[in-house]
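Here is the file upload.cif (mmCIF, C-alpha atoms and all ligand atoms).
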data_structure
loop_
_atom_site.label_atom_id
_atom_site.label_comp_id
_atom_site.auth_asym_id
_atom_site.auth_seq_id
_atom_site.Cartn_x
_atom_site.Cartn_y
_atom_site.Cartn_z
CA MET J 1 0.00 0.00 0.00
CA ASN J 2 1.21 3.50 -0.76
CA ILE J 3 1.53 5.93 2.11
CA PRO J 4 -1.96 7.43 2.56
CA LYS J 5 -2.42 11.22 2.49
CA VAL J 6 -3.68 12.32 5.90
CA GLU J 7 -3.58 15.47 7.97
CA PHE J 8 -3.53 14.06 11.51
CA ALA J 9 -1.25 11.67 13.38
CA VAL J 10 -1.04 10.30 16.90
CA ILE J 11 2.31 9.02 18.09
CA GLY J 12 1.22 6.68 20.83
CA GLY J 13 2.85 6.36 24.23
CA SER J 14 2.02 4.32 27.31
CA GLY J 15 -1.59 5.56 27.66
CA THR J 16 -2.68 4.64 24.17
CA LEU J 17 -0.65 1.40 24.27
CA SER J 18 -2.47 -0.02 27.28
CA SER J 19 -5.89 0.93 25.90
CA ASN J 20 -5.25 -0.38 22.38
CA PHE J 21 -5.82 3.03 20.79
CA PRO J 22 -8.17 3.88 19.17
CA CYS J 23 -10.29 0.74 19.73
CA GLY J 24 -10.14 0.87 23.55
CA ALA J 25 -11.89 4.23 23.56
CA SER J 26 -15.18 2.52 22.54
CA ASP J 27 -15.97 5.48 20.30
CA SER J 28 -18.67 4.72 17.73
CA GLY J 29 -17.30 7.41 15.39
CA VAL J 30 -14.01 5.50 14.90
CA LYS J 31 -13.50 3.26 11.86
CA ILE J 32 -10.33 1.24 11.34
CA LEU J 33 -9.32 1.64 7.68
CA ALA J 34 -6.05 -0.35 7.57
CA GLU J 35 -3.74 -2.04 10.05
CA GLY J 36 -0.14 -3.28 10.06
CA LEU J 37 1.03 -0.76 7.46
CA GLU J 38 4.81 -0.93 7.22
CA PHE J 39 6.75 1.25 4.82
CA THR J 40 10.30 1.20 3.48
CA THR J 41 12.17 4.33 4.57
CA PRO J 42 15.78 5.51 4.12
CA TYR J 43 16.26 4.68 7.82
CA GLY J 44 14.97 1.10 7.68
CA GLN J 45 11.57 -0.55 7.70
CA SER J 46 9.02 1.60 9.52
CA PRO J 47 7.07 0.40 12.53
CA ALA J 48 3.50 -0.74 11.86
CA PHE J 49 1.02 2.11 11.41
CA MET J 50 -2.74 2.00 11.67
CA LEU J 51 -4.98 4.21 9.55
CA PHE J 52 -8.36 5.07 11.04
CA SER J 53 -10.99 7.73 10.76
CA VAL J 54 -12.79 9.61 13.51
CA ASP J 55 -15.95 11.10 12.03
CA ASN J 56 -14.63 12.29 8.66
CA LYS J 57 -10.98 12.87 9.69
CA GLU J 58 -8.31 10.32 8.82
CA VAL J 59 -5.49 9.67 11.26
CA LEU J 60 -2.25 7.67 11.10
CA THR J 61 -1.01 6.22 14.35
CA CYS J 62 1.83 4.04 15.59
CA ARG J 63 2.48 2.48 18.98
CA MET J 64 5.05 3.53 21.56
CA HIS J 65 6.84 6.07 19.35
CA GLY J 66 7.74 3.29 16.90
CA TRP J 67 10.33 1.99 19.40
CA ARG J 68 11.23 -1.66 18.87
CA ARG J 69 13.93 -4.00 20.13
CA GLY J 70 16.99 -3.92 17.88
CA VAL J 71 16.15 -0.49 16.36
CA SER J 72 17.79 2.62 17.83
CA ARG J 73 15.37 5.22 19.09
CA ALA J 74 16.91 7.73 16.67
CA ASP J 75 16.15 5.46 13.72
CA ALA J 76 12.65 4.65 15.01
CA SER J 77 11.89 8.38 15.23
CA ARG J 78 13.26 9.09 11.77
CA GLN J 79 11.30 6.20 10.25
CA VAL J 80 8.09 7.50 11.85
CA PHE J 81 8.63 11.10 10.76
CA TRP J 82 9.75 10.19 7.25
CA VAL J 83 6.42 8.37 6.84
CA LEU J 84 4.47 11.28 8.36
CA ARG J 85 6.18 13.72 6.00
CA GLU J 86 5.33 11.57 2.96
CA ALA J 87 1.76 11.36 4.23
CA GLY J 88 1.58 15.16 4.37
CA VAL J 89 0.65 15.17 8.07
CA LYS J 90 0.11 18.65 9.52
CA ARG J 91 -1.00 18.00 13.11
CA ILE J 92 0.76 15.51 15.39
CA PHE J 93 -0.32 14.53 18.91
CA SER J 94 1.78 12.63 21.37
CA GLU J 95 0.96 11.30 24.81
CA GLY J 96 2.68 9.44 27.59
CA GLY J 97 3.23 8.89 31.27
CA VAL J 98 5.76 11.17 32.96
CA GLY J 99 7.53 11.57 36.29
CA THR J 100 7.58 14.74 38.37
CA VAL J 101 10.32 17.25 39.07
CA ASN J 102 8.05 19.98 40.40
CA PRO J 103 7.01 19.05 43.99
CA LEU J 104 3.56 20.59 43.46
CA LEU J 105 2.61 17.82 41.04
CA ASP J 106 1.05 14.47 41.96
CA PRO J 107 0.28 11.25 40.10
CA ARG J 108 -2.91 11.61 38.01
CA ASP J 109 -2.28 15.28 37.20
CA PHE J 110 -2.37 16.17 33.50
CA VAL J 111 0.31 18.48 32.10
CA ILE J 112 0.19 20.00 28.61
CA PRO J 113 3.71 21.42 28.38
CA HIS J 114 4.64 24.62 26.59
CA ASP J 115 8.41 24.09 26.52
CA TYR J 116 11.13 21.50 27.06
CA VAL J 117 14.76 20.90 28.01
CA ASP J 118 16.54 18.20 26.01
CA LEU J 119 19.07 16.35 28.18
CA SER J 120 19.21 13.31 25.93
CA MET J 121 22.48 12.39 24.27
CA ARG J 122 20.58 11.33 21.18
CA LYS J 123 22.16 11.96 17.83
CA HIS J 124 20.62 11.96 14.36
CA VAL J 125 17.62 14.06 15.24
CA GLU J 126 16.99 15.33 11.73
CA LEU J 127 15.84 14.05 8.36
CA ASP J 128 17.64 16.13 5.76
CA GLY J 129 18.62 19.26 7.69
CA ARG J 130 17.32 21.63 5.02
CA TYR J 131 15.72 23.93 7.53
CA LEU J 132 16.69 26.25 10.32
CA LEU J 133 14.29 25.18 13.06
CA VAL J 134 13.28 27.94 15.47
CA MET J 135 12.22 26.29 18.73
CA ARG J 136 10.24 29.23 20.08
CA ASP J 137 6.68 28.03 20.79
CA ALA J 138 7.81 24.51 19.93
CA LEU J 139 4.55 23.04 21.21
CA CYS J 140 1.69 24.32 19.04
CA SER J 141 -0.29 26.97 20.94
CA GLU J 142 -3.55 26.17 19.16
CA MET J 143 -3.35 22.42 19.77
CA ARG J 144 -2.36 22.99 23.41
CA ARG J 145 -5.35 25.24 24.04
CA LEU J 146 -7.68 22.70 22.54
CA LEU J 147 -6.11 19.79 24.46
CA VAL J 148 -6.68 21.69 27.72
CA LYS J 149 -10.29 22.48 26.82
CA VAL J 150 -11.14 18.93 25.77
CA THR J 151 -9.33 17.34 28.73
CA ARG J 152 -11.53 19.44 31.05
CA THR J 153 -14.61 17.81 29.58
CA HIS J 154 -13.29 14.31 30.35
CA PHE J 155 -11.48 14.76 33.65
CA ASP J 156 -12.28 16.58 36.87
CA GLY J 157 -8.79 16.37 38.38
CA ARG J 158 -5.95 18.86 37.96
CA ILE J 159 -4.91 19.95 34.47
CA PHE J 160 -1.89 22.20 34.02
CA ASP J 161 -1.94 24.22 30.82
CA ARG J 162 1.81 24.88 30.86
CA GLY J 163 4.98 23.25 32.08
CA VAL J 164 8.50 22.34 31.05
CA TYR J 165 9.18 18.72 30.01
CA ALA J 166 12.76 17.50 30.57
CA VAL J 167 13.82 14.76 28.16
CA THR J 168 16.31 12.06 29.15
CA ASP J 169 17.57 9.00 27.31
CA GLY J 170 16.29 6.26 29.60
CA ARG J 171 15.25 3.54 29.56
CA HIS J 172 16.12 3.67 33.25
CA PHE J 173 14.55 6.39 35.37
CA GLU J 174 16.58 9.30 36.74
CA SER J 175 18.64 9.32 39.93
CA PRO J 176 17.70 11.56 42.89
CA ALA J 177 20.71 13.80 42.10
CA GLU J 178 19.58 14.20 38.49
CA ILE J 179 16.08 15.15 39.58
CA ALA J 180 17.52 17.58 42.16
CA MET J 181 19.64 19.21 39.44
CA LEU J 182 16.51 19.83 37.37
CA ARG J 183 14.53 21.35 40.22
CA GLY J 184 13.45 24.82 39.08
CA GLN J 185 14.40 24.00 35.48
CA ALA J 186 11.62 21.57 34.59
CA ASP J 187 8.25 20.33 35.89
CA ILE J 188 7.97 16.85 34.43
CA ILE J 189 10.41 14.33 33.04
CA GLY J 190 10.12 11.71 30.31
CA GLN J 191 11.88 10.19 27.33
CA SER J 192 9.89 10.94 24.21
CA LEU J 193 9.20 14.62 23.52
CA CYS J 194 12.61 14.95 21.85
CA PRO J 195 13.39 14.32 19.07
CA GLU J 196 9.68 14.28 18.09
CA VAL J 197 9.36 18.02 18.61
CA TYR J 198 12.32 18.77 16.31
CA LEU J 199 11.22 16.35 13.64
CA SER J 200 7.67 17.73 13.63
CA ARG J 201 8.97 21.21 12.98
CA GLU J 202 11.28 19.89 10.28
CA ILE J 203 8.38 18.28 8.37
CA GLY J 204 6.28 21.42 8.79
CA ALA J 205 3.76 19.88 11.20
CA CYS J 206 2.34 21.24 14.45
CA TYR J 207 3.07 19.15 17.54
CA ALA J 208 1.61 19.00 21.04
CA GLY J 209 1.45 16.41 23.79
CA LEU J 210 -0.80 15.29 26.61
CA TYR J 211 1.12 13.91 29.58
CA PHE J 212 -0.26 12.13 32.61
CA VAL J 213 1.82 12.05 35.78
CA VAL J 214 2.42 8.41 36.75
CA ASN J 215 5.18 8.74 39.36
CA TYR J 216 7.09 11.17 41.56
CA GLY J 217 10.66 11.81 40.45
CA GLU J 218 13.21 10.23 42.83
CA GLY J 219 13.57 12.37 45.94
CA VAL J 220 10.40 14.36 45.21
CA VAL J 221 7.60 14.25 47.84
CA LYS J 222 7.87 10.50 48.56
CA ASN J 223 8.86 7.21 47.02
CA TRP J 224 6.54 6.35 44.17
CA SER J 225 4.57 3.14 44.05
CA HIS J 226 4.78 0.58 41.26
CA GLU J 227 1.29 -0.57 42.18
CA GLN J 228 -0.13 2.91 41.59
CA MET J 229 1.76 3.24 38.31
CA LYS J 230 0.24 -0.07 37.18
CA ASP J 231 -3.26 1.08 38.17
CA ILE J 232 -2.85 4.29 36.16
CA PHE J 233 -1.40 2.39 33.20
CA TYR J 234 -4.51 0.23 32.88
CA ASP J 235 -7.37 2.19 34.48
CA ASP J 236 -6.92 5.69 33.07
CA ALA J 237 -5.76 4.80 29.56
CA PRO J 238 -9.17 4.72 27.81
CA MET J 239 -9.78 8.30 28.98
CA ILE J 240 -6.53 9.43 27.33
CA SER J 241 -7.64 7.81 24.06
CA ARG J 242 -11.03 9.55 24.25
CA ILE J 243 -9.42 12.95 24.91
CA LEU J 244 -7.19 12.57 21.83
CA LEU J 245 -10.09 11.51 19.60
CA ASP J 246 -12.30 14.39 20.71
CA THR J 247 -9.44 16.85 20.27
CA ILE J 248 -8.93 15.69 16.68
CA ARG J 249 -12.69 16.01 16.10
CA GLN J 250 -12.61 19.65 17.19
CA LEU J 251 -9.36 20.69 15.53
CA SER J 252 -9.86 22.81 12.42
CA SER J 253 -7.93 21.91 9.32
CA SER J 254 -6.59 25.44 8.87
CA GLU J 255 -3.84 26.34 11.29
CA ASN J 256 -4.33 29.27 13.64
CA CYS J 257 -0.82 29.28 15.03
CA GLU J 258 2.72 30.45 14.33
CA CYS J 259 4.27 27.01 13.81
CA GLN J 260 4.71 27.27 10.04
CA SER J 261 6.59 30.56 10.30
CA LEU J 262 9.15 29.05 12.69
CA ARG J 263 10.70 26.84 10.03
CA LYS J 264 13.11 28.81 7.84
CA GLU J 265 15.35 27.86 4.94
CA THR J 266 18.84 27.08 6.24
CA LEU J 267 21.60 29.59 5.56
CA LEU J 268 24.22 26.86 5.70
CA ASP J 269 25.33 25.82 2.20
CA VAL J 270 26.40 22.34 3.30
CA TYR J 271 22.76 21.32 3.70
CA LYS J 272 21.44 22.75 0.47
ZN ZN F 1 0.70 24.96 15.23
#
As a first step, turn the structure in this file into structure tokens.
Amino acid sequence: MNIPKVEFAVIGGSGTLSSNFPCGASDSGVKILAEGLEFTTPYGQSPAFMLFSVDNKEVLTCRMHGWRRGVSRADASRQVFWVLREAGVKRIFSEGGVGTVNPLLDPRDFVIPHDYVDLSMRKHVELDGRYLLVMRDALCSEMRRLLVKVTRTHFDGRIFDRGVYAVTDGRHFESPAEIAMLRGQADIIGQSLCPEVYLSREIGACYAGLYFVVNYGEGVVKNWSHEQMKDIFYDDAPMISRILLDTIRQLSSSENCECQSLRKETLLDVYK
């Protein structure tokens, strides 16, 4: 199958994984159009994508950021974004569970971050490097506003409409000293927002994420509980799927944001 032309994509994380997105949302407006779509990319065989529609909008989605055993995370990201670029995707949502740095946060808080700090040592975070990527307002302001609004209709707990996401390599969690170093610099911590945020801007797509706190960072408030993390992983996941589907439903196809203007032609001849 050729790569379908679609405007929307969801790069799934732990919430959509455990609820078998989009099926686990039990949304009668969802139709599965194709499953197990793998494509050949310059970075290796892509992960499996699913194509579905929600009402009349078509969406491409893959599980857990396209990460697989034996494929570097850099290559997985580039495979995913090469496919999304060929598909002509303009709006990309991500989601995932995160830990806390900010001691005011608790498990089961939602954070829709407005900025990030990349502490990963990841290399190869570009496709062809043709563009100068301005990372001001890296998370699309229009999509963030809508995510906050829709999340409020599904969830009566705490929703933070801004925050800084610190990105580490993982897969292990961070040490207490690492979390202490980030205190005051970031609010939540996870492993997926970069390089997705760079690659989205490179392909000219808007990007925003919905993050659910699943644990305290080490040394913050108290030791976190694996039992509680497991409960969140299974119990709250269908809600995350429903929030994403309703957000896509309400998102207009014309962009009302600055994202497009923050990608410029590079001035560096070596990339031309
Ligand atoms: Zn945007």
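Using only C-alpha atoms and all ligand atoms for every distance, the candidate list J:Ile248, J:Leu267, J:Leu139, J:Leu193 yields J:Leu139 as the residue closest to ligand ZN 1 (chain F).
Proximity ranking of J:Ser200, J:Thr61, J:Gln228, J:Thr100 relative to Ala166 of chain J places J:Thr100 first, based on all atoms listed in the file.
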Could I get the residues of chain J with an atom no further than 7 Å from an atom of ligand ZN 1 (chain F), each paired with its nearest atom pair and that distance in Å to one decimal, using only C-alpha atoms and all ligand atoms, sorted by chain and residue number, as CSV?
residue,atom,partner,partner_atom,distance
J:Cys140,CA,F:ZN1,ZN,4.0
J:Ser141,CA,F:ZN1,ZN,6.1
J:Glu142,CA,F:ZN1,ZN,5.9
J:Met143,CA,F:ZN1,ZN,6.6
J:Cys206,CA,F:ZN1,ZN,4.1
J:Tyr207,CA,F:ZN1,ZN,6.7
J:Glu255,CA,F:ZN1,ZN,6.2
J:Asn256,CA,F:ZN1,ZN,6.8
J:Cys257,CA,F:ZN1,ZN,4.6
J:Glu258,CA,F:ZN1,ZN,5.9
J:Cys259,CA,F:ZN1,ZN,4.4
J:Gln260,CA,F:ZN1,ZN,7.0
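Residues lying within 10 Å of Ala177 of chain J, counting all atoms listed in the file and ignoring same-chain neighbours fewer than 6 positions away, are J:Arg183, J:Glu218, J:Gly219.
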> Got a sec: who's within 12 Å of Asn223 of chain J, counting all atoms listed in the file, leaving out chain neighbours fewer than 6 positions off, as JSON, numbers by chain?
Replying inline: {"J": [99, 100, 106, 107, 176, 215, 216, 217, 229]}
> Which one is closest to Met121 of chain J: J:Arg78, J:Arg108, J:Lys5, J:Arg73? Count only C-alpha atoms.
Replying inline: J:Arg73
> So how many Å separate atom CA of His172 of chain J and atom CA of Trp67 of chain J, to one decimal?
Replying inline: 15.1 Å
>> Can you tell me which residues surround Asp235 of chain J at a distance of at most 10 Å, considering all atoms listed in the file, apart from same-chain residues fewer than 5 positions away, and format the answer as a ChimeraX atom specification?
In response: /J:15,18-19,229-230
>> So that I can check the surroundings of Ala34 of chain J, please list as a VMD selection string every protein, DNA and RNA residue that reaches within 12 Å of it, counting only C-alpha atoms and ignoring chain neighbours fewer than 4 positions away.
In response: chain J and resid 1 to 4 38 48 to 53 58 to 61
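Here atom CA of Asp137 of chain J stands at a distance of 12.9 Å from atom CA of Ala205 of chain J.
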> Hey, can you check how far atom CA of Ala74 of chain J sits from atom CA of Tyr131 of chain J?
Replying inline: 18.6 Å
